[in-house]
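For reference, my_file.tsv (TSV, C-alpha atoms):
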```tsv
chain	number	residue	atom	x	y	z
Q	21	MET	CA	0.00	0.00	0.00
Q	22	LYS	CA	1.07	3.57	-0.56
Q	23	ARG	CA	1.91	5.52	2.52
Q	24	HIS	CA	3.24	8.98	3.23
Q	25	GLN	CA	6.89	8.62	4.15
Q	26	PRO	CA	7.87	10.46	7.34
Q	27	ASP	CA	10.83	12.77	7.35
Q	28	GLY	CA	12.95	10.56	9.60
Q	29	ASP	CA	14.67	11.90	12.70
Q	30	ALA	CA	14.50	15.55	11.60
Q	31	PRO	CA	10.81	16.54	11.16
Q	32	ALA	CA	10.29	19.49	8.85
Q	33	ASN	CA	7.44	20.87	10.96
Q	34	PRO	CA	8.96	23.54	13.27
Q	35	ALA	CA	6.19	23.06	15.85
Q	36	LEU	CA	6.89	19.34	16.02
Q	37	ARG	CA	10.62	19.97	16.34
Q	38	ARG	CA	9.90	22.26	19.28
Q	39	VAL	CA	7.74	19.64	21.01
Q	40	LEU	CA	10.26	16.86	20.44
Q	41	GLY	CA	13.02	19.11	21.77
Q	42	ARG	CA	11.55	18.92	25.27
Q	43	PRO	CA	12.90	16.33	27.72
Q	44	GLY	CA	11.31	12.97	26.97
Q	45	GLY	CA	9.69	14.28	23.78
Q	46	PRO	CA	10.95	11.62	21.34
Q	47	GLU	CA	10.22	8.83	23.83
Q	48	LEU	CA	6.67	10.12	24.35
Q	49	LEU	CA	6.07	10.27	20.60
Q	50	ASP	CA	7.32	6.72	20.17
Q	51	LEU	CA	5.16	5.51	23.06
Q	52	LEU	CA	2.02	7.11	21.65
Q	53	SER	CA	2.78	5.95	18.09
Q	54	ASN	CA	3.98	2.41	18.68
Q	55	GLY	CA	4.05	1.55	22.38
Q	56	MET	CA	0.37	0.95	23.08
Q	57	SER	CA	-2.63	-0.60	21.37
Q	58	GLY	CA	-5.13	1.49	19.46
Q	59	ALA	CA	-7.75	0.90	22.14
Q	60	ASP	CA	-5.40	2.02	24.91
Q	61	LEU	CA	-4.38	5.11	22.94
Q	62	THR	CA	-8.05	6.00	22.42
Q	63	THR	CA	-8.73	5.60	26.14
Q	64	LEU	CA	-5.80	7.86	27.00
Q	65	LEU	CA	-6.68	10.55	24.46
Q	66	LEU	CA	-10.35	10.57	25.48
Q	67	GLU	CA	-9.29	11.31	29.05
Q	68	VAL	CA	-6.81	13.99	27.91
Q	69	PHE	CA	-9.47	15.80	25.90
Q	70	ARG	CA	-12.08	15.32	28.65
Q	71	ARG	CA	-9.77	17.15	31.04
Q	72	ARG	CA	-9.04	19.87	28.51
Q	73	ALA	CA	-12.76	20.31	27.81
Q	74	ASP	CA	-13.49	20.56	31.55
Q	75	GLN	CA	-11.07	23.50	31.74
Q	76	ARG	CA	-12.68	25.46	28.89
Q	77	THR	CA	-14.99	28.33	29.77
Q	78	PRO	CA	-17.91	29.50	27.60
Q	79	ALA	CA	-15.87	32.62	26.77
Q	80	GLU	CA	-12.99	30.47	25.50
Q	81	VAL	CA	-15.38	28.39	23.40
Q	82	MET	CA	-16.79	31.58	21.90
Q	83	ARG	CA	-13.31	32.90	21.17
Q	84	ARG	CA	-12.39	29.64	19.43
Q	85	TYR	CA	-15.59	29.72	17.41
Q	86	ARG	CA	-14.82	33.29	16.33
Q	87	ASP	CA	-11.21	32.56	15.30
Q	88	ASP	CA	-11.20	28.95	14.02
Q	89	ARG	CA	-11.80	28.76	10.25
Q	90	PHE	CA	-12.77	25.07	10.51
Q	91	VAL	CA	-15.94	25.75	12.51
Q	92	ALA	CA	-17.29	28.85	10.74
Q	93	PRO	CA	-20.43	28.47	8.58
Q	94	ALA	CA	-19.90	28.24	4.84
Q	95	PRO	CA	-20.04	31.51	2.89
Q	96	THR	CA	-22.14	29.81	0.21
Q	97	GLY	CA	-25.89	30.35	0.49
Q	98	PHE	CA	-27.94	27.27	1.34
Q	99	THR	CA	-30.58	27.76	-1.36
Q	100	ALA	CA	-28.04	28.29	-4.13
Q	101	LEU	CA	-25.97	25.32	-2.93
Q	102	ARG	CA	-29.05	23.12	-2.88
Q	103	ARG	CA	-29.95	24.13	-6.46
Q	104	THR	CA	-26.49	23.08	-7.63
Q	105	GLU	CA	-26.76	19.78	-5.77
Q	106	ASP	CA	-30.15	19.11	-7.35
Q	107	ALA	CA	-28.72	19.81	-10.81
Q	108	LEU	CA	-25.89	17.34	-10.24
Q	109	VAL	CA	-28.09	14.60	-8.81
Q	110	SER	CA	-30.66	14.95	-11.59
Q	111	ALA	CA	-27.92	14.45	-14.19
Q	112	LEU	CA	-26.76	11.11	-12.76
Q	113	PRO	CA	-26.90	8.20	-15.23
Q	114	ASP	CA	-29.21	5.28	-14.54
Q	115	GLY	CA	-27.63	2.66	-12.34
Q	116	PHE	CA	-25.92	5.00	-9.87
Q	117	GLU	CA	-26.94	4.62	-6.24
Q	118	THR	CA	-26.71	7.78	-4.14
Q	119	LEU	CA	-25.48	7.20	-0.60
Q	120	VAL	CA	-25.53	9.26	2.59
Q	121	LEU	CA	-21.96	8.93	3.83
Q	122	ALA	CA	-20.75	9.02	7.41
Q	123	PRO	CA	-18.78	12.15	8.37
Q	124	VAL	CA	-15.76	10.08	9.47
Q	125	LEU	CA	-13.71	7.21	8.03
Q	126	PRO	CA	-11.25	4.70	9.49
Q	127	LEU	CA	-7.87	6.19	10.34
Q	128	ALA	CA	-5.59	6.27	7.26
Q	129	ALA	CA	-8.48	5.92	4.81
Q	130	HIS	CA	-7.02	8.87	2.87
Q	131	SER	CA	-3.35	7.89	3.11
Q	132	ALA	CA	-2.99	4.09	3.28
Q	133	VAL	CA	-4.50	3.61	-0.18
Q	134	ALA	CA	-4.43	7.06	-1.78
Q	135	THR	CA	-1.41	9.37	-1.51
Q	136	VAL	CA	-2.85	12.11	0.73
Q	137	ASP	CA	-0.50	13.44	3.41
Q	138	PRO	CA	-2.08	12.45	6.77
Q	139	ARG	CA	-1.29	15.93	8.09
Q	140	LYS	CA	-3.85	17.37	5.68
Q	141	VAL	CA	-6.61	15.25	7.25
Q	142	ILE	CA	-8.22	15.88	10.64
Q	143	ALA	CA	-7.77	12.78	12.80
Q	144	THR	CA	-10.06	12.07	15.76
Q	145	VAL	CA	-9.20	10.64	19.17
Q	146	ARG	CA	-11.29	7.55	18.39
Q	147	GLY	CA	-9.06	6.15	15.67
Q	148	SER	CA	-10.91	7.70	12.77
Q	149	GLU	CA	-10.53	10.78	10.58
Q	150	VAL	CA	-12.88	13.43	9.27
Q	151	ALA	CA	-13.89	12.98	5.65
Q	152	ALA	CA	-11.68	14.93	3.24
Q	153	ASP	CA	-13.10	13.53	-0.02
Q	154	PRO	CA	-16.25	11.45	-0.62
Q	155	THR	CA	-14.51	9.32	-3.25
Q	156	ASN	CA	-12.42	7.68	-0.51
Q	157	ALA	CA	-15.53	6.52	1.36
Q	158	LEU	CA	-17.26	5.56	-1.88
Q	159	ALA	CA	-14.20	3.53	-2.89
Q	160	LEU	CA	-14.34	1.64	0.42
Q	161	GLU	CA	-18.03	0.85	-0.02
Q	162	ALA	CA	-17.63	-0.07	-3.70
Q	163	SER	CA	-14.69	-2.35	-2.89
Q	164	LEU	CA	-16.67	-4.00	-0.11
Q	165	ARG	CA	-19.54	-4.69	-2.51
Q	166	ARG	CA	-17.16	-5.95	-5.19
Q	167	SER	CA	-15.52	-8.27	-2.63
Q	168	VAL	CA	-18.92	-9.76	-1.82
Q	169	ALA	CA	-19.62	-10.22	-5.54
Q	170	LEU	CA	-16.22	-11.82	-6.11
Q	171	ALA	CA	-16.75	-14.21	-3.20
Q	172	ALA	CA	-19.92	-15.45	-4.92
Q	173	ASP	CA	-18.40	-15.41	-8.42
Q	174	PRO	CA	-14.62	-14.89	-8.74
Q	175	ARG	CA	-15.12	-13.61	-12.30
Q	176	SER	CA	-18.02	-11.25	-11.54
Q	177	ARG	CA	-18.22	-8.36	-13.98
Q	178	VAL	CA	-21.17	-6.58	-12.39
Q	179	PRO	CA	-20.04	-2.97	-11.84
Q	180	VAL	CA	-20.78	-0.98	-8.70
Q	181	ARG	CA	-21.82	2.63	-9.35
Q	182	LEU	CA	-22.07	4.94	-6.33
Q	183	ALA	CA	-22.46	8.68	-5.79
Q	184	ALA	CA	-22.67	11.00	-2.79
Q	185	ILE	CA	-22.62	14.62	-1.74
Q	186	GLN	CA	-20.51	15.27	1.34
Q	187	ARG	CA	-19.27	18.27	3.31
Q	188	VAL	CA	-15.54	17.65	3.74
Q	189	THR	CA	-12.72	19.29	5.67
Q	190	ARG	CA	-9.09	19.65	4.67
Q	191	ALA	CA	-6.47	20.78	7.12
Q	192	GLN	CA	-3.97	22.41	4.79
Q	193	HIS	CA	-4.04	26.21	4.80
Q	194	PHE	CA	-4.77	28.09	1.59
Q	195	ASP	CA	-4.12	31.80	1.28
Q	196	ALA	CA	-5.79	32.18	-2.10
Q	197	PRO	CA	-9.24	33.81	-2.16
Q	198	GLY	CA	-12.12	31.36	-2.44
Q	199	MET	CA	-10.24	28.51	-0.80
Q	200	LEU	CA	-12.36	27.06	2.00
Q	201	ALA	CA	-11.55	24.97	5.08
Q	202	HIS	CA	-14.70	22.91	4.50
Q	203	PHE	CA	-16.73	22.54	1.36
Q	204	GLN	CA	-19.18	20.34	-0.50
Q	205	ILE	CA	-18.00	17.70	-2.98
Q	206	PHE	CA	-20.19	15.64	-5.27
Q	207	GLY	CA	-18.37	12.34	-5.81
Q	208	LEU	CA	-18.89	9.43	-8.17
Q	209	VAL	CA	-17.12	6.07	-8.35
Q	210	THR	CA	-17.49	3.11	-10.68
Q	211	ALA	CA	-15.85	-0.16	-9.64
Q	212	GLY	CA	-15.66	-3.32	-11.69
Q	213	ARG	CA	-13.50	-5.95	-13.34
Q	214	ASP	CA	-11.05	-5.56	-16.19
Q	215	THR	CA	-12.93	-6.97	-19.18
Q	216	GLY	CA	-10.03	-6.85	-21.64
Q	217	ASN	CA	-9.06	-4.50	-24.46
Q	218	ARG	CA	-9.56	-1.51	-22.13
Q	219	SER	CA	-13.31	-1.78	-22.69
Q	220	PHE	CA	-14.13	-1.12	-19.01
Q	221	GLU	CA	-12.00	2.03	-19.05
Q	222	HIS	CA	-13.56	3.28	-22.29
Q	223	GLN	CA	-17.16	2.61	-21.26
Q	224	GLN	CA	-16.97	3.96	-17.71
Q	225	LEU	CA	-14.88	7.05	-18.46
Q	226	THR	CA	-17.26	7.94	-21.30
Q	227	GLU	CA	-20.18	7.63	-18.87
Q	228	HIS	CA	-18.50	9.86	-16.27
Q	229	LEU	CA	-17.64	12.51	-18.85
Q	230	ARG	CA	-21.11	12.52	-20.38
Q	231	PHE	CA	-22.41	13.06	-16.86
Q	232	ALA	CA	-20.00	16.00	-16.50
Q	233	ALA	CA	-21.37	17.58	-19.66
Q	234	ARG	CA	-25.02	17.12	-18.58
Q	235	ALA	CA	-24.41	18.24	-15.02
Q	236	LEU	CA	-22.58	21.44	-15.89
Q	237	THR	CA	-25.16	22.35	-18.49
Q	238	ALA	CA	-27.90	21.77	-15.89
Q	239	ALA	CA	-25.97	23.91	-13.40
Q	240	GLY	CA	-25.91	26.79	-15.87
Q	241	ALA	CA	-22.43	26.53	-17.41
Q	242	GLN	CA	-22.29	27.87	-20.96
Q	243	HIS	CA	-18.74	26.92	-21.99
Q	244	THR	CA	-17.13	23.78	-20.62
Q	245	GLU	CA	-13.77	22.14	-21.31
Q	246	ILE	CA	-13.03	18.50	-20.58
Q	247	ARG	CA	-9.25	18.12	-20.40
Q	248	LEU	CA	-7.97	14.57	-20.83
Q	249	THR	CA	-4.50	13.42	-19.79
Q	250	CYS	CA	-3.03	10.11	-20.91
Q	251	LEU	CA	-0.66	8.74	-18.25
Q	252	GLU	CA	0.52	5.64	-20.12
Q	253	ASP	CA	0.94	4.73	-23.77
Q	254	ALA	CA	-1.44	1.76	-23.51
Q	255	SER	CA	-4.33	4.15	-22.78
Q	256	ARG	CA	-3.78	6.27	-25.91
Q	257	PRO	CA	-6.43	4.41	-28.01
Q	258	VAL	CA	-9.01	4.95	-25.25
Q	259	ILE	CA	-8.32	8.69	-25.16
Q	260	ASP	CA	-8.67	8.90	-28.95
Q	261	ARG	CA	-11.97	6.97	-28.92
Q	262	ILE	CA	-13.42	9.11	-26.14
Q	263	ARG	CA	-12.53	12.34	-27.92
Q	264	GLY	CA	-14.45	11.05	-30.93
Q	265	ASP	CA	-17.39	9.87	-28.80
Q	266	LEU	CA	-17.81	13.27	-27.15
Q	267	ALA	CA	-17.00	15.51	-30.10
Q	268	ALA	CA	-20.66	16.24	-30.88
Q	269	LEU	CA	-21.67	17.35	-27.37
Q	270	PRO	CA	-23.06	20.92	-27.59
Q	271	GLY	CA	-21.13	23.56	-25.63
Q	272	ILE	CA	-18.43	21.06	-24.63
Q	273	ALA	CA	-14.83	21.17	-25.83
Q	274	VAL	CA	-12.84	17.97	-25.34
Q	275	ILE	CA	-9.10	18.61	-25.46
Q	276	GLU	CA	-5.92	16.88	-24.36
Q	277	ASP	CA	-3.79	18.20	-21.52
Q	278	PRO	CA	-0.44	16.37	-21.77
Q	279	ASP	CA	1.36	18.96	-19.63
Q	280	ARG	CA	-0.79	18.39	-16.56
Q	281	THR	CA	1.42	17.90	-13.49
Q	282	THR	CA	-1.11	17.42	-10.67
Q	283	GLY	CA	-2.44	13.95	-10.02
Q	284	ARG	CA	0.54	12.04	-11.42
Q	285	GLY	CA	1.22	9.23	-8.97
Q	286	TYR	CA	-2.34	9.59	-7.68
Q	287	TYR	CA	-4.13	8.55	-10.87
Q	288	THR	CA	-3.24	5.64	-13.13
Q	289	SER	CA	-3.63	5.27	-16.92
Q	290	MET	CA	-5.92	8.30	-17.51
Q	291	CYS	CA	-7.25	11.33	-15.69
Q	292	PHE	CA	-9.24	14.44	-16.49
Q	293	LYS	CA	-10.21	17.90	-15.35
Q	294	VAL	CA	-13.46	19.72	-16.08
Q	295	CYS	CA	-13.29	23.49	-16.39
Q	296	THR	CA	-15.92	26.12	-17.11
Q	297	SER	CA	-15.48	29.61	-18.45
Q	298	VAL	CA	-16.07	32.72	-16.33
Q	299	ASP	CA	-15.40	36.11	-17.95
Q	300	GLY	CA	-13.21	34.41	-20.52
Q	301	HIS	CA	-11.12	32.50	-17.97
Q	302	TYR	CA	-11.48	28.77	-17.40
Q	303	LEU	CA	-11.81	27.65	-13.78
Q	304	GLU	CA	-11.48	24.04	-12.64
Q	305	VAL	CA	-14.67	22.61	-11.14
Q	306	ALA	CA	-14.09	18.85	-11.32
Q	307	ASP	CA	-11.31	16.31	-11.35
Q	308	GLY	CA	-11.16	12.54	-11.79
Q	309	GLY	CA	-9.45	9.49	-13.21
Q	310	PHE	CA	-8.57	5.87	-12.64
Q	311	VAL	CA	-6.95	4.80	-9.36
Q	312	ASP	CA	-5.64	1.48	-8.05
Q	313	TRP	CA	-7.49	1.71	-4.72
Q	314	SER	CA	-9.91	-1.16	-5.40
Q	315	GLN	CA	-7.01	-3.45	-6.30
Q	316	LEU	CA	-5.40	-2.68	-2.94
Q	317	LEU	CA	-8.65	-2.93	-0.98
Q	318	THR	CA	-9.84	-6.21	-2.54
Q	319	GLY	CA	-6.43	-7.76	-3.15
Q	320	ASN	CA	-7.43	-8.43	-6.76
Q	321	ARG	CA	-5.32	-6.93	-9.56
Q	322	LYS	CA	-8.13	-7.35	-12.08
Q	323	GLU	CA	-10.28	-4.78	-10.28
Q	324	ARG	CA	-10.69	-1.30	-11.78
Q	325	LEU	CA	-11.92	1.93	-10.18
Q	326	LEU	CA	-12.84	5.29	-11.70
Q	327	ILE	CA	-13.48	8.31	-9.47
Q	328	SER	CA	-14.81	11.83	-10.12
Q	329	GLY	CA	-15.22	14.80	-7.78
Q	330	TYR	CA	-17.10	18.09	-8.32
Q	331	GLY	CA	-16.65	21.21	-6.20
Q	332	VAL	CA	-20.26	22.11	-5.38
Q	333	ASP	CA	-19.43	25.40	-3.64
Q	334	ARG	CA	-17.31	26.53	-6.58
Q	335	LEU	CA	-20.01	25.58	-9.07
Q	336	THR	CA	-22.56	27.45	-6.97
Q	337	GLU	CA	-20.46	30.62	-6.90
Q	338	LEU	CA	-20.01	30.45	-10.68
```

I need this file expressed as structure tokens, please.
Amino acid sequence: MKRHQPDGDAPANPALRRVLGRPGGPELLDLLSNGMSGADLTTLLLEVFRRRADQRTPAEVMRRYRDDRFVAPAPTGFTALRRTEDALVSALPDGFETLVLAPVLPLAAHSAVATVDPRKVIATVRGSEVAADPTNALALEASLRRSVALAADPRSRVPVRLAAIQRVTRAQHFDAPGMLAHFQIFGLVTAGRDTGNRSFEHQQLTEHLRFAARALTAAGAQHTEIRLTCLEDASRPVIDRIRGDLAALPGIAVIEDPDRTTGRGYYTSMCFKVCTSVDGHYLEVADGGFVDWSQLLTGNRKERLLISGYGVDRLTEL
């Protein structure tokens, strides 16, 4: 499995260096990380935070609420956000099941399979972490369902199609305007078995991109670009076929983006971005591609997984 590699004995985080510089700091870190079971660590942390909570006054809670960007209400209006959500849901292809996801996932759900730095995810004291992307939870559920299908029929080709809207939180700090600490993402995943000749990849990516075209048109976008990136030579015929399949879509330009740098190492074979024009400038509103998560989660190299994510707040503002 892919994991974020720590920085060794010299952590780059100045705050962590300061903490570890105290007497017993490295030993305490090792004890908490490796020296006790998960259940014992949870018990200890629950007591630590119970004591800290007992010391907080209402005034301190109010001050934290005023200053902490993670707990402030979203700047996006509810009614406008709901309209965008309705437009996305109504554009879903037949066969997709829409789930209501839990707000937390198992610890390392974003880093043990995907390549997200754990420091960008908010961990809880109960061995879980706050959702940072609905496609991670959808991938877990899709892989679970595929595992059940494979147990009944090791050659099952029945795809699992899931979608969800989720408010997520990401712990990295952005200085750019419009970057939010928590925001809504509409996620889709399709999981299934490699059927040979890249037919699964062609069929499912075409379905996701046709959804993108319908959804953005329903949300009010007038000019949309779908930017395809081929990450391996074997996927070149699929990219060429998809460009031909989508060429006739009204108001949609399908182009190639070979110079894309983001997502390499995260996606496999093919990925895409969806951008829409505002005042002549294209702004990214969606991102997706193939990942190897279902192979890792099911232990079956024949499994395939396609994910897509749409920034609902950004679409609403546009």

Between atom CA of Q:Thr282 and atom CA of Q:Asp307, what is the distance in Å, rounded to a tenth?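 Spanning atom CA of Q:Thr282 to atom CA of Q:Asp307 is a straight-line distance of 10.3 Å.
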
Place a sphere of radius 8 Å on (-21.3, 30.8, -11.7) in the file coordinates and name every protein, DNA or RNA residue with an atom inside or on its surface, counting all atoms listed in the file; give the answer as number ranges by chain. Q: 240-241, 298, 334-338

Distance in Å - atom CA of Q:Pro138 versus atom CA of Q:Leu208: 22.7 Å

Between atom CA of Q:Ala107 and atom CA of Q:Ala232 - distance in Å to one decimal: 11.1 Å

Select from stretch 139-191 of chain Q every residue with an atom at most 7 Å from any atom of stretch 59-66 of chain Q, then for each give the shortest pair of atoms and their distance in Å to one decimal, using all atoms listed in the file, rows by chain and rising number, as a tab-separated table.
```
residue	atom	partner	partner_atom	distance
Q:Val145	CA	Q:Thr62	CA	5.8
Q:Arg146	CA	Q:Thr62	CA	5.4
Q:Gly147	CA	Q:Thr62	CA	6.8
```

Of the residues Q:Arg256, Q:Asp312, Q:Thr118, Q:Pro113, which is the one nearest to Q:Arg234, using all atoms listed in the file?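 Of Q:Arg256, Q:Asp312, Q:Thr118, Q:Pro113, the one nearest Q:Arg234 is Q:Pro113, counting all atoms listed in the file.
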
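The smallest atom-to-atom distance between Q:Arg230 and any of Q:Val294, Q:Thr96, Q:Val168, Q:Arg321, using only C-alpha atoms, is found for Q:Val294.
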
I'd like to know which of Q:Ala254, Q:Ala152, Q:Met56, Q:Leu266 is closest to Q:Ala122, using all atoms listed in the file. Q:Ala152

Return the single residue from Q:Val274, Q:Val124, Q:Val68, Q:Ala157 that is closest to Q:Ile262, with distances computed using all atoms listed in the file. Q:Val274

For Q:Phe292, please output as a list in words all residues within 7 Å (counting all atoms listed in the file; exclusion window: fewer than 3 positions along the same chain). Ile246, Arg247, Leu248, Thr249, Asp307, Gly308 and Gly309 of chain Q

Tell me, as a VMD selection string, which residues lie within 9 Å of Q:Pro126, counting all atoms listed in the file; anything in the same chain fewer than 6 positions away does not count. chain Q and resid 147 to 150

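Residues lying within 10 Å of Q:Ala238, counting only C-alpha atoms and ignoring same-chain neighbours fewer than 6 positions away, are Arg103, Thr104, Asp106, Ala107, Leu108, Ser110, Ala111 and Ala232 of chain Q.
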
Which residues are close to Q:Ala273, i.e. within 9 Å by all atoms listed in the file, leaving aside same-chain residues fewer than 2 positions away? Reply as a VMD selection string. chain Q and resid 243 to 247 266 to 267 269 to 271 275

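Of the residues listed (Q:Arg190, Q:Thr318, Q:Leu158, Q:Ala183), Q:Arg190 shows the shortest atom-to-atom separation from Q:Val141; distances use only C-alpha atoms.
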
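Ranking Q:Thr226, Q:Ser219, Q:Asn156, Q:Thr210 by their shortest atom-to-atom distance to Q:Leu182, with all atoms listed in the file included, puts Q:Thr210 first.
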
Need the shell around Q:Gln204: protein/DNA/RNA residues with any atom at most 6 Å away, counting only C-alpha atoms. Skip same-chain ones fewer than 4 positions apart. Format as a ChimeraX atom specification? /Q:186-187,332-333
